[in-house]
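Below: the structure, in structure tokens.
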Amino acid sequence: MAANLSSLLSSSRQLTSHLNRTDLPSVKLSFDQIEAESRRLARQPGSSADADRANFLLAKANVDPTSLTSSIAQLQNTAASTFTPLQALQDTDVQGYLRISHEQNLISTIEEGRARTQREFYQLMEARRNEEWEKMKARVFEQLGQRADQTAVVGPKRTGLASSTSVALPTPTVDVQAKMLNYDKVVGELNAARLRNQSFAILHALMDVARKTAASDPKSAQFQTTLHILTLQTREAPSHDMTNNPGSSVSRKFAKVYLDPGFSSNGQTREAVDLRTQIARGAREALEEQYFEVVERTVMSRREDAPLGGDPSIGNKIRSFLLIRYHQGKQGWPQRIEIIQGVPIWGRLFFLIRTGYLEEAVEEAVHYEHPLESVAPGFVECLQSWANSPERRISPAQRQKLQSHYHSQMLHGSSADPFRIALYKLVGKLEPERRRVELVTETMEDWLWWQISMLDEQSPNNLSSVTELLLTYGDRHFEENGAENGKGLWATVLTCVGQYERAVAALWSNPSTQVEAVHLGIALAYHGLLCVPLKAEVSELTPLTIRPDSPPAFSLSTIIWRYVRLFMKMDPKEALHYIATIPLSHDQDSAHPSLRTGAGKEQLKITYDLLRRLIVQSNPGPQWDALIGGFHAAPTASSLNRFPGLIEGVLPLLELKNYDQYVEEVLKLAANDSQREGRIVESVKLWNLASEYEIVVEVLAAALGNILASVYGGEGGMLGEKEREIERVAGDVMRTYERMNQGAGKERDAVARLLRIRDALEAKKKGRFEYALEVLQSTDLLPLGQGESADVSRITRRAEEFAVLSESLQRNLQVYLPLAMDLLASLHRKTKTSPLEENVKHAHMTDLRRRSRALIVFAGMLKYRMSADVYSYLARLDVEIAL
């Protein structure tokens, strides 16, 4: 077989023996290398007969072809040398092949990584753009919804808070409506206490509501936890304790310190350090109480594994908890848990501290002091000093001793009890940069408790450093689907470290927790723990404002307005209570003028603007009248007998000093807005409350003129309920003003005349032509009198007086002038067919012809005041009367 192969090889070589030339070198390249060399040779420039001519033409265009050719060739050589081997490789050069393959793999990996990075960048940019677009679209829809609410057709009324037709916010369910109603009561009670200048336990009141709704809404349970943390951070007393101390208010208690820019920038003033320490202490105590509940539930659910016996003490519960959690039955305790005198003493001490029973932990350590001193000398003394210190800090000498023992026996060992390690770290504040401890930081709550317990405001490991760490992790580290779809856990975490503005924003980002966000923001503003931004800083996409040179700020007014729009049309009283909480932050300028100068004053302007919107957009009716006040039906001879509205009852909360300021800041502007929106009746009432009687009659005159022009002037309008209400209000106002001599002038006369014209129109419709003509004659607008109908000079004077009439009367000339001619024509036809004597009939018809001619002459003097069709109509009726 081998011989056959050898002969075959020799035969194959002889086939090309006649082609071998000794003067030519042999080629020892692979096929890929031969292809690369061929392409390189093909790219080399060749000689051409037209080269000189081309160089001449390019030189005329200031192009140097020689240097360009050299540059291009250099680039080609560089590129070729980069991706091809400098030396030719033989087919048997395995090492060279592997080296080139390795280099090509590296180049391919880099290129693939670059392409993947570029693709991910564009995908992220697309996602961000879509997210921003959705937020902008929601904002636009909200603004459009606000406008649509003003013109929407009113459907079936809903009770409670679900009566708004907002586009931006979803219609609340029945459970959400009940929850909102309960929270409304809390806000109302808050404002009542503020009016009495008394403290109000708003956090405890909100906790009660959250506790009631936790059964049907799991997010309320998390919100209850957040509120409980705040009660401990603010040391808010329960409601019954505040009731026993009337005349004192804790409103804005923390504003001066919290709004100090040095507070958020780790300032070391005594007040700032104390407040940061108080915030951390409150969060730690809340987490300890929460863990104690876990211990009790665990022990009660598994009594058979670790019975308590007849000892209900906390030490016995911790003993049972350790048995349930770590004891392994017949195998005993885990190897790393150190047992002293048959007791896992380090675990007991740690869990007593973890559940907040520090005194019991010290007593337990003192009880086992002798065996503890044999394995941990000086620890009991350090624990006592640490427990007795308000800052939970030991002396430098004690810390040095504890640290030396920790480094020598536990730092590099693998058999030390993890609870002993945790206690050494906790008491001595050792290695705070190591954020995890075995068996100690197993859950998110445990981890957070550990970070807060290790804080020391006199070291780099302070509240600000932990806050930066949490913000680096972000909401998705604590909520599986992020804050926008979570249960409010991220807001609780932010509350623990005093990031209150971000906590409210986290709740607001989730539509299912927006109710909680509004009331959390109000509670924080009441305690002075909320910074508000300048109006120019507020984004249309989010109420949270973050600047690198200032602490975070949250626009409480933005979310309050979006919230009250759900129910303000039907429940303006409740909406008023929420708007009245916005001025809580008006003292931000005085608390710290350097922080967003002018933001406090802007809160008052925003409040008055929202109050005007509430007045303008609320549904008319008894609730609207109760909101703004009004006048009794039977005014006295000297006054209108006004009764105050709900807004006047909260003027002190709105920082309005008196009724006159309320009129200037709110009522007059709201009246203008109502007039622009076509709410004439409401505008008249508002101007009347502002004692602007001349404007009242101007508005009525314009409105009545528009009604006449629209309904009877050929503009295609209809006389509906709204128009009849305006006429009714106008009649009531005229009777009152005439009795009190208010609003006298041209416009009041115009209103009276327009009302009489309307009476004439109604009388004509009923066939009462004589009465209609008498009413029309009483307006003194037309030459219908016995004497002036035959006197051209008096007709001329009447035409001249027309120029000084109210615009509403001038505009409706083509209404009441044809009306008068129609009445004359109707009376003429009636007289012609009447059974009267001829002389009486003739005299009556002659008088009608004289009045008709006077009207024609009067109309001729008022050229271009009416359309040509009206003039033709008048002439036709005049001819009919003359026959």
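Going by the structure tokens order, chains are called A, B, ..., each with residues numbered from 1, while ligands are numbered from 1 in the order shown.
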For Phe643 (chain A), list every protein, DNA or RNA residue within 8 Å, evaluated using only C-alpha atoms, and leave out those in the same chain fewer than 5 positions away; present the list as an NGL selection string. :A and (629-632)
Requested write-out: all heavy atoms of the selected residues, as a PDB file, in the first residue's frame:
```
ATOM      1  N   GLY A 629     -69.269  82.569  48.338  1.00  0.00           N
ATOM      2  CA  GLY A 629     -70.159  83.453  49.087  1.00  0.00           C
ATOM      3  C   GLY A 629     -71.168  84.110  48.168  1.00  0.00           C
ATOM      4  O   GLY A 629     -71.286  83.776  46.979  1.00  0.00           O
ATOM      5  N   GLY A 630     -71.928  85.061  48.709  1.00  0.00           N
ATOM      6  CA  GLY A 630     -72.938  85.735  47.902  1.00  0.00           C
ATOM      7  C   GLY A 630     -73.741  86.699  48.740  1.00  0.00           C
ATOM      8  O   GLY A 630     -73.285  87.187  49.781  1.00  0.00           O
ATOM      9  N   PHE A 631     -74.955  86.949  48.281  1.00  0.00           N
ATOM     10  CA  PHE A 631     -75.831  87.909  48.939  1.00  0.00           C
ATOM     11  C   PHE A 631     -77.172  87.257  49.223  1.00  0.00           C
ATOM     12  O   PHE A 631     -77.655  86.430  48.443  1.00  0.00           O
ATOM     13  CB  PHE A 631     -76.032  89.150  48.058  1.00  0.00           C
ATOM     14  CG  PHE A 631     -74.755  89.901  47.792  1.00  0.00           C
ATOM     15  CD1 PHE A 631     -73.990  89.641  46.666  1.00  0.00           C
ATOM     16  CD2 PHE A 631     -74.319  90.863  48.680  1.00  0.00           C
ATOM     17  CE1 PHE A 631     -72.818  90.314  46.431  1.00  0.00           C
ATOM     18  CE2 PHE A 631     -73.135  91.548  48.453  1.00  0.00           C
ATOM     19  CZ  PHE A 631     -72.388  91.276  47.324  1.00  0.00           C
ATOM     20  N   HIS A 632     -77.746  87.644  50.346  1.00  0.00           N
ATOM     21  CA  HIS A 632     -79.049  87.109  50.710  1.00  0.00           C
ATOM     22  C   HIS A 632     -80.137  87.652  49.789  1.00  0.00           C
ATOM     23  O   HIS A 632     -79.964  88.682  49.136  1.00  0.00           O
ATOM     24  CB  HIS A 632     -79.377  87.459  52.165  1.00  0.00           C
ATOM     25  CG  HIS A 632     -78.485  86.760  53.146  1.00  0.00           C
ATOM     26  ND1 HIS A 632     -78.529  85.397  53.343  1.00  0.00           N
ATOM     27  CD2 HIS A 632     -77.523  87.242  53.979  1.00  0.00           C
ATOM     28  CE1 HIS A 632     -77.630  85.055  54.258  1.00  0.00           C
ATOM     29  NE2 HIS A 632     -77.009  86.161  54.666  1.00  0.00           N
TER      30      HIS A 632
END
```
Within 7 Å of region 426-435 of chain A, counting only C-alpha atoms, which residues show up once you throw out same-chain ones fewer than 4 positions away? Write them as a PyMOL selection string, please. chain A and resi 383+386+394+399+402+422+451+454+461
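Proximity to Asn706 (chain A) at 10 Å, evaluated using only C-alpha atoms and with sequence-adjacent residues fewer than 3 positions away removed, yields A:Leu700, A:Ala701, A:Ala702, A:Ala703, A:Ala709, A:Ser710, A:Val711, A:Tyr712, A:Gly713, A:Glu715, A:Gly717, A:Glu723, A:Ser808, A:Arg811, A:Asn812.
When only C-alpha atoms are used to measure the gap to Pro572 (chain A), the shortest distance among A:Ser264, A:Asn619, A:Thr355, A:Ser683 belongs to A:Asn619.
DSSP on the backbone gives strand (DSSP E) for these parts of region 582-815 of chain A: A:Gly629, A:Gly630, A:Phe631, A:Arg642, A:Phe643, A:Pro644.
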Just the selected residues (N, CA and C atoms), exported as a PDB file, in the first residue's frame, please.
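For reference, part_14.pdb as written:
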```pdb
ATOM      1  N   GLY A 629     -69.269  82.569  48.338  1.00  0.00           N
ATOM      2  CA  GLY A 629     -70.159  83.453  49.087  1.00  0.00           C
ATOM      3  C   GLY A 629     -71.168  84.110  48.168  1.00  0.00           C
ATOM      4  N   GLY A 630     -71.928  85.061  48.709  1.00  0.00           N
ATOM      5  CA  GLY A 630     -72.938  85.735  47.902  1.00  0.00           C
ATOM      6  C   GLY A 630     -73.741  86.699  48.740  1.00  0.00           C
ATOM      7  N   PHE A 631     -74.955  86.949  48.281  1.00  0.00           N
ATOM      8  CA  PHE A 631     -75.831  87.909  48.939  1.00  0.00           C
ATOM      9  C   PHE A 631     -77.172  87.257  49.223  1.00  0.00           C
ATOM     10  N   ARG A 642     -74.263  90.617  52.515  1.00  0.00           N
ATOM     11  CA  ARG A 642     -73.416  89.564  51.983  1.00  0.00           C
ATOM     12  C   ARG A 642     -73.160  88.484  53.027  1.00  0.00           C
ATOM     13  N   PHE A 643     -73.093  87.226  52.565  1.00  0.00           N
ATOM     14  CA  PHE A 643     -72.676  86.137  53.443  1.00  0.00           C
ATOM     15  C   PHE A 643     -71.347  85.584  52.917  1.00  0.00           C
ATOM     16  N   PRO A 644     -70.399  85.260  53.815  1.00  0.00           N
ATOM     17  CA  PRO A 644     -69.066  84.838  53.380  1.00  0.00           C
ATOM     18  C   PRO A 644     -69.080  83.435  52.795  1.00  0.00           C
TER      19      PRO A 644
END
```
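Between CA of Leu275 (chain A) and CA of Glu236 (chain A) the separation is 14.1 Å.
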Quick one: residues within 8 Å of region 128-134 of chain A, only C-alpha atoms, excluding same-chain residues fewer than 4 positions away - as an MDAnalysis selection string? chainID A and resid 124 138 541
Limited to all heavy atoms, could you put the picked residues into a file as a CSV table (one decimal), in the first residue's frame?
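Produced file again06.csv, reproduced below:
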```csv
chain,number,residue,atom,x,y,z
A,124,LEU,N,-30.6,52.4,23.4
A,124,LEU,CA,-30.9,53.1,24.6
A,124,LEU,C,-31.4,54.5,24.3
A,124,LEU,O,-32.4,55.0,24.9
A,124,LEU,CB,-29.6,53.2,25.4
A,124,LEU,CG,-29.7,54.0,26.7
A,124,LEU,CD1,-30.7,53.4,27.7
A,124,LEU,CD2,-28.4,54.1,27.4
A,138,ALA,N,-48.3,62.7,27.5
A,138,ALA,CA,-49.2,62.8,28.6
A,138,ALA,C,-49.4,64.2,29.1
A,138,ALA,O,-50.5,64.6,29.5
A,138,ALA,CB,-48.6,61.9,29.7
A,541,LEU,N,-42.4,67.6,32.5
A,541,LEU,CA,-42.4,66.2,32.5
A,541,LEU,C,-42.4,65.6,33.9
A,541,LEU,O,-43.0,64.5,34.1
A,541,LEU,CB,-41.2,65.6,31.7
A,541,LEU,CG,-41.1,66.1,30.3
A,541,LEU,CD1,-39.9,65.5,29.6
A,541,LEU,CD2,-42.3,65.7,29.5
```
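Between Leu627 (chain A) and the candidates A:Leu455, A:Leu614, A:Cys531, A:Leu855, the tightest atom-to-atom separation, counting only C-alpha atoms, involves A:Leu614.
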Counting only C-alpha atoms, the residue among A:Ala416, A:Ala280, A:Val366, A:Trp687 that lies closest to Val493 (chain A) is A:Ala280
Could you tell me how far CA of Ala580 (chain A) sits from CA of Arg596 (chain A), in Å to one decimal place? 22.0 Å
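The shell of residues at most 12 Å from Asp217 (chain A), with only C-alpha atoms counted and near chain neighbours (fewer than 2 positions) removed, consists of Thr173, Val174, Asp175, Val176, Ala178, Lys179, Val209, Ala210, Arg211, Lys212, Thr213, Ala214, Ala215, Lys219, Ser220, Ala221, Gln222, Phe223, Gln224, Lys487, Ser512, Thr513 and Glu516 of chain A.
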List as a PyMOL selection string the protein and nucleic acid residues near Asp847 (chain A), meaning an atom at most 12 Å away when only C-alpha atoms are counted, but skip any in the same chain fewer than 5 places from it. chain A and resi 784-790+824-825+827-828+831+840-842+852-854+881-882
Write a file of the just-selected residues containing all heavy atoms, as a short mmCIF file (atom, residue, chain, number, x, y, z; two decimals), in the first residue's frame.
```cif
data_model
loop_
_atom_site.label_atom_id
_atom_site.label_comp_id
_atom_site.auth_asym_id
_atom_site.auth_seq_id
_atom_site.Cartn_x
_atom_site.Cartn_y
_atom_site.Cartn_z
N LEU A 784 -91.26 107.07 18.56
CA LEU A 784 -92.60 106.50 18.53
C LEU A 784 -93.61 107.34 19.30
O LEU A 784 -94.81 107.00 19.33
CB LEU A 784 -92.58 105.08 19.13
CG LEU A 784 -91.80 104.03 18.33
CD1 LEU A 784 -91.74 102.73 19.10
CD2 LEU A 784 -92.42 103.82 16.96
N GLY A 785 -93.18 108.44 19.93
CA GLY A 785 -94.09 109.26 20.70
C GLY A 785 -95.08 110.03 19.83
O GLY A 785 -94.87 110.20 18.61
N GLN A 786 -96.15 110.51 20.46
CA GLN A 786 -97.18 111.23 19.71
C GLN A 786 -96.61 112.50 19.08
O GLN A 786 -96.92 112.84 17.95
CB GLN A 786 -98.34 111.58 20.66
CG GLN A 786 -99.13 110.37 21.15
CD GLN A 786 -99.93 109.72 20.05
OE1 GLN A 786 -100.23 110.34 19.03
NE2 GLN A 786 -100.27 108.45 20.25
N GLY A 787 -95.80 113.20 19.81
CA GLY A 787 -95.30 114.47 19.30
C GLY A 787 -94.13 114.34 18.37
O GLY A 787 -94.04 115.03 17.34
N GLU A 788 -93.19 113.46 18.68
CA GLU A 788 -91.94 113.41 17.91
C GLU A 788 -92.08 112.65 16.60
O GLU A 788 -91.25 112.82 15.70
CB GLU A 788 -90.83 112.77 18.74
CG GLU A 788 -91.08 111.33 19.14
CD GLU A 788 -89.93 110.78 19.97
OE1 GLU A 788 -88.88 111.44 20.02
OE2 GLU A 788 -90.10 109.71 20.58
N SER A 789 -93.11 111.84 16.43
CA SER A 789 -93.24 111.10 15.18
C SER A 789 -93.56 112.02 14.01
O SER A 789 -93.32 111.65 12.86
CB SER A 789 -94.33 110.03 15.31
OG SER A 789 -95.58 110.63 15.63
N ALA A 790 -94.08 113.22 14.30
CA ALA A 790 -94.40 114.16 13.22
C ALA A 790 -93.40 115.30 13.15
O ALA A 790 -93.51 116.17 12.28
CB ALA A 790 -95.81 114.71 13.40
N LEU A 824 -96.17 97.78 14.35
CA LEU A 824 -97.04 98.75 13.67
C LEU A 824 -97.82 98.07 12.57
O LEU A 824 -99.03 98.32 12.38
CB LEU A 824 -96.19 99.89 13.11
CG LEU A 824 -95.53 100.82 14.14
CD1 LEU A 824 -94.65 101.84 13.45
CD2 LEU A 824 -96.58 101.52 15.00
N ALA A 825 -97.14 97.20 11.81
CA ALA A 825 -97.83 96.50 10.72
C ALA A 825 -98.91 95.56 11.28
O ALA A 825 -100.02 95.45 10.71
CB ALA A 825 -96.83 95.72 9.89
N LEU A 827 -100.54 95.88 14.13
CA LEU A 827 -101.65 96.70 14.60
C LEU A 827 -102.45 97.28 13.44
O LEU A 827 -103.68 97.44 13.52
CB LEU A 827 -101.12 97.82 15.49
CG LEU A 827 -100.57 97.38 16.86
CD1 LEU A 827 -99.93 98.56 17.58
CD2 LEU A 827 -101.69 96.78 17.71
N HIS A 828 -101.77 97.61 12.34
CA HIS A 828 -102.46 98.15 11.17
C HIS A 828 -103.40 97.10 10.58
O HIS A 828 -104.56 97.39 10.25
CB HIS A 828 -101.43 98.59 10.13
CG HIS A 828 -102.05 99.19 8.91
ND1 HIS A 828 -102.35 98.45 7.77
CD2 HIS A 828 -102.46 100.46 8.63
CE1 HIS A 828 -102.89 99.23 6.87
NE2 HIS A 828 -102.96 100.48 7.36
N THR A 831 -106.30 96.62 12.94
CA THR A 831 -107.24 97.75 12.90
C THR A 831 -108.11 97.71 11.66
O THR A 831 -109.32 98.01 11.70
CB THR A 831 -106.47 99.07 12.96
OG1 THR A 831 -105.65 99.08 14.14
CG2 THR A 831 -107.41 100.26 12.99
N VAL A 840 -112.91 106.38 13.93
CA VAL A 840 -111.93 105.91 14.92
C VAL A 840 -110.86 105.05 14.24
O VAL A 840 -109.66 105.18 14.53
CB VAL A 840 -112.65 105.11 16.01
CG1 VAL A 840 -111.64 104.54 17.00
CG2 VAL A 840 -113.65 105.99 16.73
N LYS A 841 -111.35 104.20 13.35
CA LYS A 841 -110.40 103.35 12.63
C LYS A 841 -109.45 104.19 11.80
O LYS A 841 -108.23 103.94 11.77
CB LYS A 841 -111.17 102.37 11.76
CG LYS A 841 -110.30 101.34 11.07
CD LYS A 841 -111.09 100.48 10.12
CE LYS A 841 -112.21 99.72 10.83
NZ LYS A 841 -112.88 98.77 9.93
N HIS A 842 -109.98 105.23 11.13
CA HIS A 842 -109.14 106.07 10.28
C HIS A 842 -108.11 106.82 11.10
O HIS A 842 -106.94 106.92 10.70
CB HIS A 842 -110.04 107.06 9.51
CG HIS A 842 -109.24 108.01 8.66
ND1 HIS A 842 -108.64 107.61 7.48
CD2 HIS A 842 -108.97 109.35 8.81
CE1 HIS A 842 -108.02 108.65 6.95
NE2 HIS A 842 -108.21 109.73 7.75
N SER A 852 -94.91 104.95 11.35
CA SER A 852 -94.14 104.18 10.38
C SER A 852 -93.21 105.07 9.57
O SER A 852 -92.04 104.76 9.36
CB SER A 852 -95.09 103.41 9.46
OG SER A 852 -94.40 102.78 8.42
N ARG A 853 -93.73 106.23 9.12
CA ARG A 853 -92.90 107.15 8.35
C ARG A 853 -91.76 107.69 9.21
O ARG A 853 -90.63 107.88 8.73
CB ARG A 853 -93.75 108.31 7.82
CG ARG A 853 -94.75 107.94 6.74
CD ARG A 853 -94.08 107.23 5.57
NE ARG A 853 -92.97 108.02 5.04
CZ ARG A 853 -92.04 107.57 4.22
NH1 ARG A 853 -92.05 106.29 3.87
NH2 ARG A 853 -91.09 108.36 3.76
N ALA A 854 -92.05 107.94 10.49
CA ALA A 854 -90.99 108.43 11.38
C ALA A 854 -89.87 107.39 11.52
O ALA A 854 -88.68 107.75 11.54
CB ALA A 854 -91.58 108.76 12.75
N ILE A 881 -98.28 99.51 5.41
CA ILE A 881 -99.04 100.34 6.36
C ILE A 881 -99.67 101.54 5.66
O ILE A 881 -100.77 101.99 6.01
CB ILE A 881 -98.10 100.80 7.50
CG1 ILE A 881 -97.65 99.57 8.31
CG2 ILE A 881 -98.78 101.80 8.42
CD1 ILE A 881 -96.59 99.88 9.33
N ALA A 882 -98.98 102.06 4.64
CA ALA A 882 -99.50 103.25 3.94
C ALA A 882 -100.72 102.94 3.09
O ALA A 882 -101.51 103.85 2.77
CB ALA A 882 -98.40 103.86 3.09
#
```
DSSP on the backbone: which residues in region 316-363 of chain A end up as alpha helix (DSSP H)? Give the answer as a VMD selection string. chain A and resid 316 to 326 345 to 354 358 to 363
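Proximity to Val362 (chain A) was assessed for A:Glu381, A:Glu698, A:Asp869, A:Asp749 counting only C-alpha atoms; the smallest distance is recorded for A:Glu381.
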Do you know which residues are at most 8 Å from region 319-331 of chain A counting only C-alpha atoms, after dropping those on the same chain fewer than 5 positions away, and could you put them as a PDB file with N, CA and C atoms, in the first residue's frame?
```pdb
ATOM      1  N   VAL A 295     -39.694  38.724  64.314  1.00  0.00           N
ATOM      2  CA  VAL A 295     -39.334  37.755  65.351  1.00  0.00           C
ATOM      3  C   VAL A 295     -40.587  37.188  66.015  1.00  0.00           C
ATOM      4  N   THR A 298     -42.467  34.841  63.696  1.00  0.00           N
ATOM      5  CA  THR A 298     -41.753  33.575  63.518  1.00  0.00           C
ATOM      6  C   THR A 298     -41.929  32.673  64.734  1.00  0.00           C
ATOM      7  N   VAL A 299     -41.787  33.260  65.912  1.00  0.00           N
ATOM      8  CA  VAL A 299     -41.903  32.475  67.134  1.00  0.00           C
ATOM      9  C   VAL A 299     -43.329  31.962  67.328  1.00  0.00           C
ATOM     10  N   ARG A 302     -44.244  28.985  64.968  1.00  0.00           N
ATOM     11  CA  ARG A 302     -43.535  27.702  65.121  1.00  0.00           C
ATOM     12  C   ARG A 302     -43.261  27.434  66.591  1.00  0.00           C
ATOM     13  N   ASP A 305     -41.485  24.089  67.609  1.00  0.00           N
ATOM     14  CA  ASP A 305     -40.036  23.956  67.415  1.00  0.00           C
ATOM     15  C   ASP A 305     -39.244  24.602  68.545  1.00  0.00           C
ATOM     16  N   ALA A 306     -39.781  25.676  69.124  1.00  0.00           N
ATOM     17  CA  ALA A 306     -39.080  26.376  70.202  1.00  0.00           C
ATOM     18  C   ALA A 306     -40.106  26.988  71.130  1.00  0.00           C
ATOM     19  N   PRO A 307     -40.672  26.211  72.040  1.00  0.00           N
ATOM     20  CA  PRO A 307     -41.723  26.746  72.914  1.00  0.00           C
ATOM     21  C   PRO A 307     -41.189  27.811  73.856  1.00  0.00           C
ATOM     22  N   LEU A 308     -42.019  28.834  74.075  1.00  0.00           N
ATOM     23  CA  LEU A 308     -41.642  29.929  74.952  1.00  0.00           C
ATOM     24  C   LEU A 308     -41.793  29.564  76.416  1.00  0.00           C
ATOM     25  N   GLY A 347     -25.111  35.644  69.044  1.00  0.00           N
ATOM     26  CA  GLY A 347     -26.369  35.773  68.333  1.00  0.00           C
ATOM     27  C   GLY A 347     -27.444  36.452  69.161  1.00  0.00           C
ATOM     28  N   ARG A 348     -27.490  36.095  70.460  1.00  0.00           N
ATOM     29  CA  ARG A 348     -28.474  36.735  71.336  1.00  0.00           C
ATOM     30  C   ARG A 348     -28.234  38.238  71.434  1.00  0.00           C
TER      31      ARG A 348
END
```
Counting only C-alpha atoms, which residue out of A:Gln617, A:Met821, A:Lys185, A:Leu576 sits closest to Gly649 (chain A)? A:Leu576
Between region 250-353 of chain A and region 552-557 of chain A, at 12 Å or less, what are the per-residue closest atom pairs and their distances in Å? Count only C-alpha atoms, order by chain and rising residue number, and return it as CSV.
```
residue,atom,partner,partner_atom,distance
A:Tyr258,CA,A:Pro552,CA,11.6
A:Leu259,CA,A:Ala553,CA,10.1
A:Pro261,CA,A:Pro552,CA,10.3
A:Phe263,CA,A:Pro552,CA,11.9
A:Ser264,CA,A:Pro552,CA,9.1
A:Ser265,CA,A:Pro552,CA,11.4
```
